[in-house]
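J.: If it helps, the file is called input08.tsv and holds TSV, C-alpha atoms and all ligand atoms:
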```tsv
chain	number	residue	atom	x	y	z
A	62	MET	CA	14.71	-43.09	-32.68
A	63	LEU	CA	15.59	-42.42	-29.09
A	64	GLU	CA	12.02	-42.59	-27.90
A	65	SER	CA	11.39	-45.67	-25.85
A	66	GLN	CA	8.55	-47.44	-27.54
A	67	SER	CA	8.88	-51.07	-26.72
A	68	PRO	CA	10.68	-52.94	-23.95
A	69	SER	CA	12.17	-55.38	-26.43
A	70	HIS	CA	15.61	-54.98	-27.88
A	71	GLY	CA	16.23	-52.07	-30.15
A	72	PHE	CA	17.68	-54.03	-32.99
A	73	GLN	CA	14.48	-56.02	-33.43
A	74	ASP	CA	12.41	-52.88	-33.69
A	75	ARG	CA	14.72	-51.00	-35.95
A	76	ASN	CA	13.43	-50.42	-39.39
A	77	PRO	CA	16.41	-51.19	-41.63
A	78	SER	CA	15.39	-48.50	-44.08
A	79	GLU	CA	15.86	-45.87	-41.38
A	80	SER	CA	19.54	-46.59	-41.00
A	81	PRO	CA	20.80	-47.76	-44.36
A	82	THR	CA	24.42	-47.37	-43.35
A	83	ALA	CA	24.26	-49.40	-40.14
A	84	SER	CA	24.89	-52.73	-41.80
A	85	ALA	CA	27.38	-51.30	-44.27
A	86	VAL	CA	29.55	-49.99	-41.44
A	87	PRO	CA	30.73	-53.03	-39.50
A	88	MET	CA	32.14	-50.95	-36.65
A	89	LEU	CA	32.22	-47.44	-35.30
A	90	GLU	CA	35.05	-45.64	-33.58
A	91	VAL	CA	33.49	-44.28	-30.40
A	92	ARG	CA	36.69	-43.05	-28.78
A	93	PRO	CA	40.11	-42.77	-30.42
A	94	GLY	CA	41.22	-46.36	-30.92
A	95	LEU	CA	38.05	-47.83	-29.38
A	96	TYR	CA	35.65	-49.51	-31.79
A	97	LEU	CA	32.16	-50.88	-31.29
A	98	GLY	CA	30.54	-53.37	-33.63
A	99	GLY	CA	28.59	-56.54	-34.35
A	100	ALA	CA	29.56	-59.95	-35.65
A	101	ALA	CA	30.28	-58.51	-39.11
A	102	ALA	CA	33.18	-56.57	-37.67
A	103	VAL	CA	35.20	-59.74	-37.10
A	104	ALA	CA	34.01	-61.61	-40.18
A	105	GLU	CA	36.53	-59.86	-42.43
A	106	PRO	CA	40.13	-59.67	-41.23
A	107	ASP	CA	40.59	-56.85	-43.73
A	108	HIS	CA	38.32	-54.58	-41.69
A	109	LEU	CA	40.43	-55.25	-38.61
A	110	ARG	CA	43.68	-54.60	-40.45
A	111	GLU	CA	42.39	-51.38	-41.98
A	112	ALA	CA	41.43	-50.04	-38.57
A	113	GLY	CA	44.66	-51.33	-37.04
A	114	ILE	CA	42.77	-53.38	-34.47
A	115	THR	CA	44.98	-55.74	-32.47
A	116	ALA	CA	42.71	-56.38	-29.48
A	117	ILE	CA	39.20	-57.84	-29.63
A	118	LEU	CA	36.71	-58.26	-26.82
A	119	THR	CA	33.84	-60.56	-27.78
A	120	VAL	CA	30.71	-60.59	-25.63
A	121	ASP	CA	28.41	-63.13	-27.25
A	122	SER	CA	26.77	-66.50	-26.67
A	123	GLU	CA	29.36	-68.23	-28.82
A	124	GLU	CA	33.01	-67.63	-29.41
A	125	PRO	CA	33.47	-66.10	-32.85
A	126	GLY	CA	34.94	-68.15	-35.66
A	127	PHE	CA	37.90	-65.89	-36.30
A	128	LYS	CA	41.17	-67.56	-35.50
A	129	ALA	CA	43.15	-65.53	-33.03
A	130	GLY	CA	45.98	-63.99	-34.95
A	131	ALA	CA	44.70	-64.97	-38.36
A	132	GLY	CA	45.75	-62.13	-40.61
A	133	VAL	CA	46.35	-59.84	-37.65
A	134	GLU	CA	49.71	-60.00	-36.02
A	135	GLY	CA	49.88	-60.14	-32.25
A	136	LEU	CA	46.13	-60.17	-31.86
A	137	ARG	CA	44.92	-60.23	-28.29
A	138	SER	CA	41.39	-61.39	-27.50
A	139	LEU	CA	38.98	-61.83	-24.62
A	140	PHE	CA	35.74	-63.79	-24.83
A	141	VAL	CA	32.91	-63.23	-22.34
A	142	PRO	CA	30.01	-65.65	-22.81
A	143	ALA	CA	26.74	-63.77	-22.42
A	144	LEU	CA	23.22	-63.78	-23.84
A	145	ASP	CA	21.47	-60.52	-24.58
A	146	LYS	CA	18.89	-60.94	-21.82
A	147	PRO	CA	18.05	-58.70	-18.88
A	148	GLU	CA	18.83	-61.52	-16.45
A	149	THR	CA	22.33	-62.10	-17.86
A	150	ASP	CA	24.99	-61.27	-15.31
A	151	LEU	CA	27.30	-58.83	-17.04
A	152	LEU	CA	28.22	-56.98	-13.86
A	153	SER	CA	30.49	-59.75	-12.58
A	154	HIS	CA	32.56	-59.51	-15.80
A	155	LEU	CA	32.85	-55.73	-16.00
A	156	ASP	CA	36.13	-55.36	-14.11
A	157	ARG	CA	38.08	-57.68	-16.39
A	158	CYS	CA	36.43	-56.24	-19.51
A	159	VAL	CA	37.26	-52.67	-18.53
A	160	ALA	CA	40.80	-53.77	-17.58
A	161	PHE	CA	41.25	-55.50	-20.94
A	162	ILE	CA	40.22	-52.39	-22.87
A	163	GLY	CA	42.29	-50.12	-20.63
A	164	GLN	CA	45.41	-52.24	-20.92
A	165	ALA	CA	45.14	-52.53	-24.70
A	166	ARG	CA	44.82	-48.77	-25.02
A	167	THR	CA	47.75	-48.20	-22.67
A	168	GLU	CA	49.82	-50.35	-25.02
A	169	GLY	CA	48.69	-48.23	-27.95
A	170	ARG	CA	46.48	-50.92	-29.43
A	171	ALA	CA	43.20	-50.22	-31.19
A	172	VAL	CA	40.44	-52.24	-29.52
A	173	LEU	CA	37.21	-53.65	-30.90
A	174	VAL	CA	34.36	-54.55	-28.54
A	175	HIS	CA	31.71	-56.53	-30.35
A	176	CYS	CA	28.66	-58.73	-29.76
A	177	HIS	CA	26.27	-60.11	-32.35
A	178	ALA	CA	24.24	-57.06	-33.37
A	179	GLY	CA	26.46	-54.36	-31.84
A	180	VAL	CA	23.46	-52.88	-30.08
A	181	SER	CA	23.14	-54.16	-26.51
A	182	ARG	CA	25.90	-56.29	-24.97
A	183	SER	CA	28.88	-54.56	-26.56
A	184	VAL	CA	27.26	-51.19	-25.89
A	185	ALA	CA	26.92	-52.09	-22.19
A	186	ILE	CA	30.61	-53.04	-21.95
A	187	VAL	CA	31.77	-49.91	-23.74
A	188	THR	CA	29.46	-47.76	-21.60
A	189	ALA	CA	31.07	-49.23	-18.48
A	190	PHE	CA	34.51	-48.42	-19.85
A	191	VAL	CA	33.53	-44.86	-20.75
A	192	MET	CA	31.93	-44.35	-17.33
A	193	LYS	CA	35.08	-45.34	-15.51
A	194	ASN	CA	37.58	-43.82	-17.92
A	195	ASP	CA	35.83	-40.47	-18.38
A	196	LYS	CA	34.36	-40.34	-14.84
A	197	LEU	CA	30.82	-40.11	-16.18
A	198	SER	CA	27.52	-41.23	-14.73
A	199	PHE	CA	25.70	-44.07	-16.44
A	200	GLU	CA	23.26	-41.68	-18.12
A	201	GLU	CA	26.01	-39.35	-19.37
A	202	ALA	CA	28.11	-42.16	-20.81
A	203	TYR	CA	25.15	-43.93	-22.41
A	204	GLU	CA	23.70	-40.77	-23.96
A	205	ASN	CA	27.13	-39.90	-25.28
A	206	LEU	CA	27.42	-43.27	-27.02
A	207	GLN	CA	23.92	-42.97	-28.42
A	208	THR	CA	24.81	-39.67	-30.07
A	209	ILE	CA	27.62	-41.52	-31.87
A	210	LYS	CA	25.60	-44.69	-32.50
A	211	PRO	CA	21.87	-43.89	-32.39
A	212	GLU	CA	20.71	-47.50	-32.63
A	213	ALA	CA	22.63	-48.41	-29.45
A	214	LYS	CA	20.11	-49.76	-26.97
A	215	MET	CA	21.11	-52.11	-24.19
A	216	ASN	CA	18.46	-54.15	-22.42
A	217	GLU	CA	17.06	-52.80	-19.13
A	218	GLY	CA	18.80	-55.46	-17.06
A	219	PHE	CA	22.17	-54.15	-18.25
A	220	GLU	CA	21.09	-50.58	-17.51
A	221	TRP	CA	20.35	-51.57	-13.94
A	222	GLN	CA	23.70	-53.38	-13.62
A	223	LEU	CA	25.60	-50.35	-14.87
A	224	LYS	CA	23.84	-48.19	-12.28
A	225	LEU	CA	25.02	-50.62	-9.61
A	226	TYR	CA	28.51	-50.44	-11.13
A	227	GLN	CA	28.39	-46.67	-10.72
A	228	ALA	CA	27.08	-46.99	-7.15
A	229	MET	CA	30.05	-49.23	-6.31
A	230	GLY	CA	32.49	-46.60	-7.60
A	231	TYR	CA	33.24	-48.22	-10.99
A	232	GLU	CA	34.67	-51.33	-9.42
A	233	VAL	CA	32.80	-54.52	-8.58
A	234	ASP	CA	33.13	-54.98	-4.83
A	235	THR	CA	31.83	-58.48	-4.08
A	236	SER	CA	31.83	-57.81	-0.32
A	237	SER	CA	29.61	-54.73	-0.65
A	238	ALA	CA	25.95	-54.79	0.34
A	239	ILE	CA	25.10	-53.63	-3.19
A	240	TYR	CA	26.76	-56.66	-4.78
A	241	LYS	CA	25.37	-59.12	-2.21
A	242	GLN	CA	21.87	-57.79	-2.82
A	243	TYR	CA	22.45	-58.06	-6.58
A	244	ARG	CA	23.67	-61.66	-6.27
A	245	LEU	CA	20.59	-62.54	-4.23
A	246	GLN	CA	18.38	-60.92	-6.84
A	247	LYS	CA	20.07	-62.98	-9.57
A	248	VAL	CA	19.38	-66.18	-7.61
A	249	THR	CA	15.78	-65.11	-7.05
A	250	GLU	CA	15.21	-64.81	-10.79
A	251	LYS	CA	16.05	-68.49	-11.17
A	252	TYR	CA	14.83	-69.48	-7.75
A	253	PRO	CA	11.87	-71.81	-8.18
A	254	GLU	CA	13.88	-74.04	-10.54
A	255	LEU	CA	16.97	-74.19	-8.36
A	256	GLN	CA	17.75	-77.55	-6.80
A	257	SER	CA	20.27	-76.11	-4.40
A	258	LEU	CA	21.45	-72.68	-3.43
A	259	PRO	CA	24.98	-71.58	-4.30
A	260	GLN	CA	27.13	-71.82	-1.18
A	261	GLU	CA	28.73	-68.41	-1.74
A	262	LEU	CA	25.31	-66.92	-1.07
A	263	PHE	CA	25.54	-67.80	2.61
A	264	ALA	CA	27.51	-65.96	5.24
A	265	VAL	CA	29.57	-68.28	7.46
A	266	ASP	CA	27.76	-69.25	10.64
A	267	PRO	CA	29.29	-67.00	13.34
A	268	THR	CA	29.37	-69.92	15.80
A	269	THR	CA	31.93	-71.73	13.64
A	270	VAL	CA	34.50	-68.93	13.70
A	271	SER	CA	35.57	-67.05	16.78
A	272	GLN	CA	37.67	-64.47	15.04
A	273	GLY	CA	36.02	-61.15	14.46
A	274	LEU	CA	37.06	-58.30	12.25
A	275	LYS	CA	37.83	-54.95	13.78
A	276	ASP	CA	34.68	-52.97	14.61
A	277	GLU	CA	32.41	-55.86	13.80
A	278	VAL	CA	29.31	-56.39	15.87
A	279	LEU	CA	27.85	-59.80	16.59
A	280	TYR	CA	24.09	-60.28	16.84
A	281	LYS	CA	22.81	-62.93	19.24
A	282	CYS	CA	19.43	-64.44	19.96
A	283	ARG	CA	17.94	-62.43	22.80
A	284	LYS	CA	16.42	-65.53	24.32
A	285	CYS	CA	19.25	-68.10	24.24
A	286	ARG	CA	22.33	-65.98	23.33
A	287	ARG	CA	23.16	-68.06	20.25
A	288	SER	CA	25.30	-66.07	17.79
A	289	LEU	CA	23.26	-65.46	14.64
A	290	PHE	CA	25.00	-63.04	12.29
A	291	ARG	CA	27.60	-60.30	12.04
A	292	SER	CA	27.23	-56.66	11.15
A	293	SER	CA	28.99	-57.36	7.83
A	294	SER	CA	25.94	-59.43	6.82
A	295	ILE	CA	23.53	-56.52	7.15
A	296	LEU	CA	22.34	-55.27	3.76
A	297	GLY	CA	21.65	-51.67	4.58
A	298	HIS	CA	19.06	-49.59	2.78
A	299	SER	CA	18.16	-45.96	2.92
A	300	GLU	CA	14.94	-45.47	4.82
A	301	GLY	CA	11.80	-45.24	2.76
A	302	SER	CA	13.63	-44.60	-0.50
A	303	GLY	CA	12.79	-46.32	-3.76
A	304	PRO	CA	13.80	-49.94	-4.04
A	305	LEU	CA	17.09	-50.32	-5.81
A	306	ALA	CA	16.41	-53.98	-6.41
A	307	PHE	CA	13.24	-53.16	-8.32
A	308	ALA	CA	14.68	-50.31	-10.31
A	309	HIS	CA	14.89	-52.33	-13.51
A	310	LYS	CA	11.32	-53.55	-13.15
A	311	ARG	CA	9.85	-50.06	-13.22
A	312	MET	CA	8.07	-50.59	-9.94
A	313	ALA	CA	9.70	-47.73	-8.11
A	314	PRO	CA	7.09	-44.93	-8.03
A	315	SER	CA	4.45	-46.58	-5.84
A	316	PHE	CA	7.00	-47.34	-3.17
A	317	MET	CA	8.68	-43.96	-3.09
A	318	LEU	CA	6.57	-42.70	-0.19
A	319	ALA	CA	8.82	-41.74	2.69
A	320	THR	CA	6.92	-42.53	5.83
A	321	GLY	CA	9.57	-41.34	8.27
A	322	THR	CA	9.14	-44.53	10.26
A	323	GLN	CA	12.34	-46.11	11.46
A	324	CYS	CA	13.41	-49.54	10.36
A	325	THR	CA	12.41	-52.10	12.97
A	326	SER	CA	14.23	-54.95	11.22
A	327	TYR	CA	17.63	-55.86	9.93
A	328	PHE	CA	17.68	-57.16	6.38
A	329	ILE	CA	20.63	-59.50	6.10
A	330	GLU	CA	22.26	-61.89	3.66
A	331	PRO	CA	21.34	-65.53	4.30
A	332	VAL	CA	23.49	-67.20	6.96
A	333	GLN	CA	24.43	-70.90	6.84
A	334	TRP	CA	22.03	-71.89	9.64
A	335	MET	CA	19.09	-70.74	7.50
A	336	GLU	CA	19.83	-73.04	4.57
A	337	SER	CA	17.45	-75.89	5.37
A	338	ALA	CA	14.59	-73.46	5.98
A	339	LEU	CA	15.03	-71.60	2.68
A	340	LEU	CA	15.07	-74.23	0.02
A	341	GLY	CA	11.94	-75.23	-1.85
A	342	VAL	CA	9.62	-72.59	-0.43
A	343	MET	CA	9.01	-68.98	-1.35
A	344	ASP	CA	8.56	-67.62	2.15
A	345	GLY	CA	8.52	-68.64	5.79
A	346	GLN	CA	9.66	-67.87	9.28
A	347	LEU	CA	13.23	-67.57	10.46
A	348	LEU	CA	13.65	-69.37	13.77
A	349	CYS	CA	16.63	-69.44	16.10
A	350	PRO	CA	18.55	-72.65	15.25
A	351	LYS	CA	19.08	-73.31	18.98
A	352	CYS	CA	15.90	-72.34	20.85
A	353	SER	CA	13.46	-71.98	17.92
A	354	ALA	CA	12.43	-68.49	19.00
A	355	LYS	CA	10.88	-66.56	16.13
A	356	LEU	CA	13.44	-64.08	14.85
A	357	GLY	CA	11.84	-62.85	11.67
A	358	SER	CA	10.91	-64.05	8.22
A	359	PHE	CA	12.10	-64.49	4.68
A	360	ASN	CA	10.47	-64.06	1.33
A	361	TRP	CA	12.12	-64.59	-2.05
A	362	TYR	CA	9.66	-62.16	-3.63
A	363	GLY	CA	10.55	-59.48	-1.11
A	364	GLU	CA	9.14	-57.83	1.98
A	365	GLN	CA	8.52	-54.24	2.90
A	366	CYS	CA	10.51	-52.72	5.74
A	367	SER	CA	8.66	-50.67	8.35
A	368	CYS	CA	10.26	-47.58	6.75
A	369	GLY	CA	8.38	-48.23	3.50
A	370	ARG	CA	11.26	-49.64	1.47
A	371	TRP	CA	10.88	-52.95	-0.38
A	372	ILE	CA	13.77	-55.40	-0.22
A	373	THR	CA	13.93	-58.32	-2.66
A	374	PRO	CA	14.55	-61.01	-1.69
A	375	ALA	CA	14.15	-60.39	2.04
A	376	PHE	CA	15.77	-62.08	5.01
A	377	GLN	CA	14.40	-60.04	7.83
A	378	ILE	CA	15.35	-60.22	11.52
A	379	HIS	CA	13.37	-58.13	14.01
A	380	LYS	CA	15.70	-55.85	15.93
A	381	ASN	CA	13.94	-56.59	19.20
A	382	ARG	CA	14.71	-60.31	18.92
A	383	VAL	CA	18.49	-59.91	18.90
A	384	ASP	CA	21.16	-58.30	21.06
A	385	GLU	CA	24.26	-56.57	19.76
A	386	LYS	CA	27.64	-57.54	21.05
A	387	LYS	CA	30.86	-55.88	20.01
A	388	MET	CA	33.30	-58.49	18.81
A	389	LEU	CA	36.76	-58.43	20.28
A	390	PRO	CA	39.51	-59.25	17.84
A	391	VAL	CA	40.56	-62.64	19.19
A	392	LEU	CA	44.22	-63.54	19.19
A	393	GLY	CA	44.06	-67.16	20.33
A	394	SER	CA	42.67	-69.98	18.28
A	395	GLN	CA	39.83	-71.11	20.51
A	396	THR	CA	36.70	-71.92	18.60
A	397	ARG	CA	33.63	-71.43	20.62
A	398	LYS	CA	30.81	-73.78	19.90
A	399	ILE	CA	27.39	-73.19	21.34
B	1	ZN	ZN	13.84	-49.74	6.48
B	2	ZN	ZN	17.66	-68.66	20.51
```
Output the file's structure as structure tokens, nothing else.
T.:
Amino acid sequence: MLESQSPSHGFQDRNPSESPTASAVPMLEVRPGLYLGGAAAVAEPDHLREAGITAILTVDSEEPGFKAGAGVEGLRSLFVPALDKPETDLLSHLDRCVAFIGQARTEGRAVLVHCHAGVSRSVAIVTAFVMKNDKLSFEEAYENLQTIKPEAKMNEGFEWQLKLYQAMGYEVDTSSAIYKQYRLQKVTEKYPELQSLPQELFAVDPTTVSQGLKDEVLYKCRKCRRSLFRSSSILGHSEGSGPLAFAHKRMAPSFMLATGTQCTSYFIEPVQWMESALLGVMDGQLLCPKCSAKLGSFNWYGEQCSCGRWITPAFQIHKNRVDEKKMLPVLGSQTRKI
């Protein structure tokens, strides 16, 4: 049952006759006081009472019909709206889910995490909790849960998100390059239909703020000296290694070739001055907003760095078109406009 046969969700493939007890058991205790289940687990308040459950985390497309507190005294609940699809953003909710479970357990409550089928979404949330709580890698935590609940099979988008969660140190750091790259990837998945780009995607134009953070470097147009971006906007990648952004699309092997060539470009998050150039097209040039010198290019489908690594989407600035300038922490309030 653990062989991967089809990319679709496990619960659709499962032959009911193979696991006759799965539907009879509405929930499973995967750690002391931590239960995993499907919609049936909350359908009967008796089940909750028997297990002593007083905290329920629902991760589903619709809020369950159970009335908070009905039949269970002091019930605490958290609802996270999410579809069981690879493109669903679960990562952004992981911190509060893990905190909810952790707090309930600290208070001595038994917790139920459930989705609709108890196979993908709830398994992803519980895996994240086990990873952080037991200091396990994604693979270790997931395999451990599958030994307890063999039909557990999260979709590959969630697998990828949990690997990013691990790479961020079991805490979602929205200022990290990993998260910024992830957020860009999420936008790319919906990109052609988007009417406008979310503003939080763009780094503030460095010409509108004079204050720099300690140790930050400012990058300016080599030709006209216009400030273009800060070092905090650079989305670093390891040279020539497999593309993290493609990991869930099984495209890694053909790009794993390490060429040993150095990166000749910076890949950065979009900066406000790029906005008008980006919308409505899949790729194009990035020009200096002041002197129109060619700085690089962008492509929502991705571009390959000179080192061999693919970055998706890509906002690429050639290193030889910009100059670095160390930013001095400014004490005054002067705003320099160029
Ligand atoms: Zn590179
Ligand atoms: Zn310029």
J.: May I ask for the distance between CA of Arg370 (chain A) and CA of Lys386 (chain A), given in Å to one decimal place?
T.: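 Interatomic distance here is 26.7 Å.
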J.: How would you write, as a ChimeraX atom specification, the set of residues no farther than 7 Å from ligand ZN 1 (chain B) when counting only C-alpha atoms and all ligand atoms?
T.: /A:298-301,323-324,366-370
J.: Residues near Arg166 (chain A), anyone? I mean within 12 Å using all atoms listed in the file, not counting same-chain ones fewer than 2 positions away, as a PyMOL selection string.
T.: chain A and resi 92-96+114-117+137+159-164+168-173+190+194
J.: Compute the set of protein, DNA and RNA residues whose minimum atom distance to ligand ZN 2 (chain B) is at most 6 Å, using all atoms listed in the file, and state it as a PyMOL selection string.
T.: chain A and resi 282+284-285+287+349+351-354
J.: Measuring between all atoms listed in the file, which one of A:Leu206, A:Val248, A:Val332, A:Ala338 shows the shortest distance to Thr268 (chain A)?
T.: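 For Thr268 (chain A), the nearest of the candidates is A:Val332.
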J.: Give me the residues near region 242-245 of chain A as a list in words, where near means some atom within 8 Å (using all atoms listed in the file) and where sequence neighbours in that chain fewer than 6 positions away do not count.
T.: Leu262, Leu296, Ala306, Glu330, Thr373 and Pro374 of chain A
J.: Using only C-alpha atoms and a cutoff of 10 Å, can you tell me which residues are near (33.6, -64.0, -26.1) in the file's coordinates, and write them out as a ChimeraX atom specification?
T.: /A:117-125,138-143,174-176
J.: Report, in Å to a single decimal, how far apart CA of Leu289 (chain A) and CA of Pro331 (chain A) are.
T.: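 Pair CA of Pro331 (chain A) / CA of Leu289 (chain A) returns 10.5 Å.
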J.: May I have a table of the residues of region 218-299 of chain A lying at most 10 Å from region 357-361 of chain A, giving each one's closest pair of atoms and their distance in Å to one decimal, counting all atoms listed in the file, ordered by chain and ascending residue number, as a tab-separated table?
T.:
```
residue	atom	partner	partner_atom	distance
A:Leu245	CA	A:Trp361	CA	9.0
A:Gln246	CA	A:Trp361	CA	8.7
A:Val248	CA	A:Trp361	CA	9.3
A:Thr249	CA	A:Trp361	CA	6.2
A:Glu250	CA	A:Trp361	CA	9.3
A:Tyr252	CA	A:Trp361	CA	8.0
A:Pro253	CA	A:Trp361	CA	9.5
```
J.: Have a look at CA of Gly218 (chain A) and CA of Gly126 (chain A) and let me know their distance in Å, one decimal.
T.: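 Between these atoms lies a distance of 27.7 Å.
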J.: Which residue gives the smallest distance to Met88 (chain A) among A:Ser236, A:Thr149, A:Ser183, A:Ser257, with only C-alpha atoms counted?
T.: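 So, comparing all the options, the nearest one is A:Ser183.
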J.: Tell me which of A:Met335, A:Val91, A:Leu151, A:Ala165 sits closest to Leu258 (chain A), counting all atoms listed in the file.
T.: A:Met335
J.: Between A:Leu356, A:Leu340, A:Leu97, A:Leu279, single out the one closest to Asp384 (chain A), counting only C-alpha atoms.
T.: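 When distances to Asp384 (chain A) are compared using only C-alpha atoms, the smallest one comes from A:Leu279.
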J.: So, counting only C-alpha atoms, which residue among A:Gln222, A:Ser181, A:Thr325, A:Gln227 is closest to Phe199 (chain A)?
T.: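 The shortest atom-to-atom distance to Phe199 (chain A) comes from A:Gln227.
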J.: Can you work out which one of A:Met388, A:Leu225, A:Leu155, A:Val103 has the shortest atom-to-atom distance to Val270 (chain A), counting all atoms listed in the file?
T.: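 Nearest candidate to Val270 (chain A) out of A:Met388, A:Leu225, A:Leu155, A:Val103: A:Met388.
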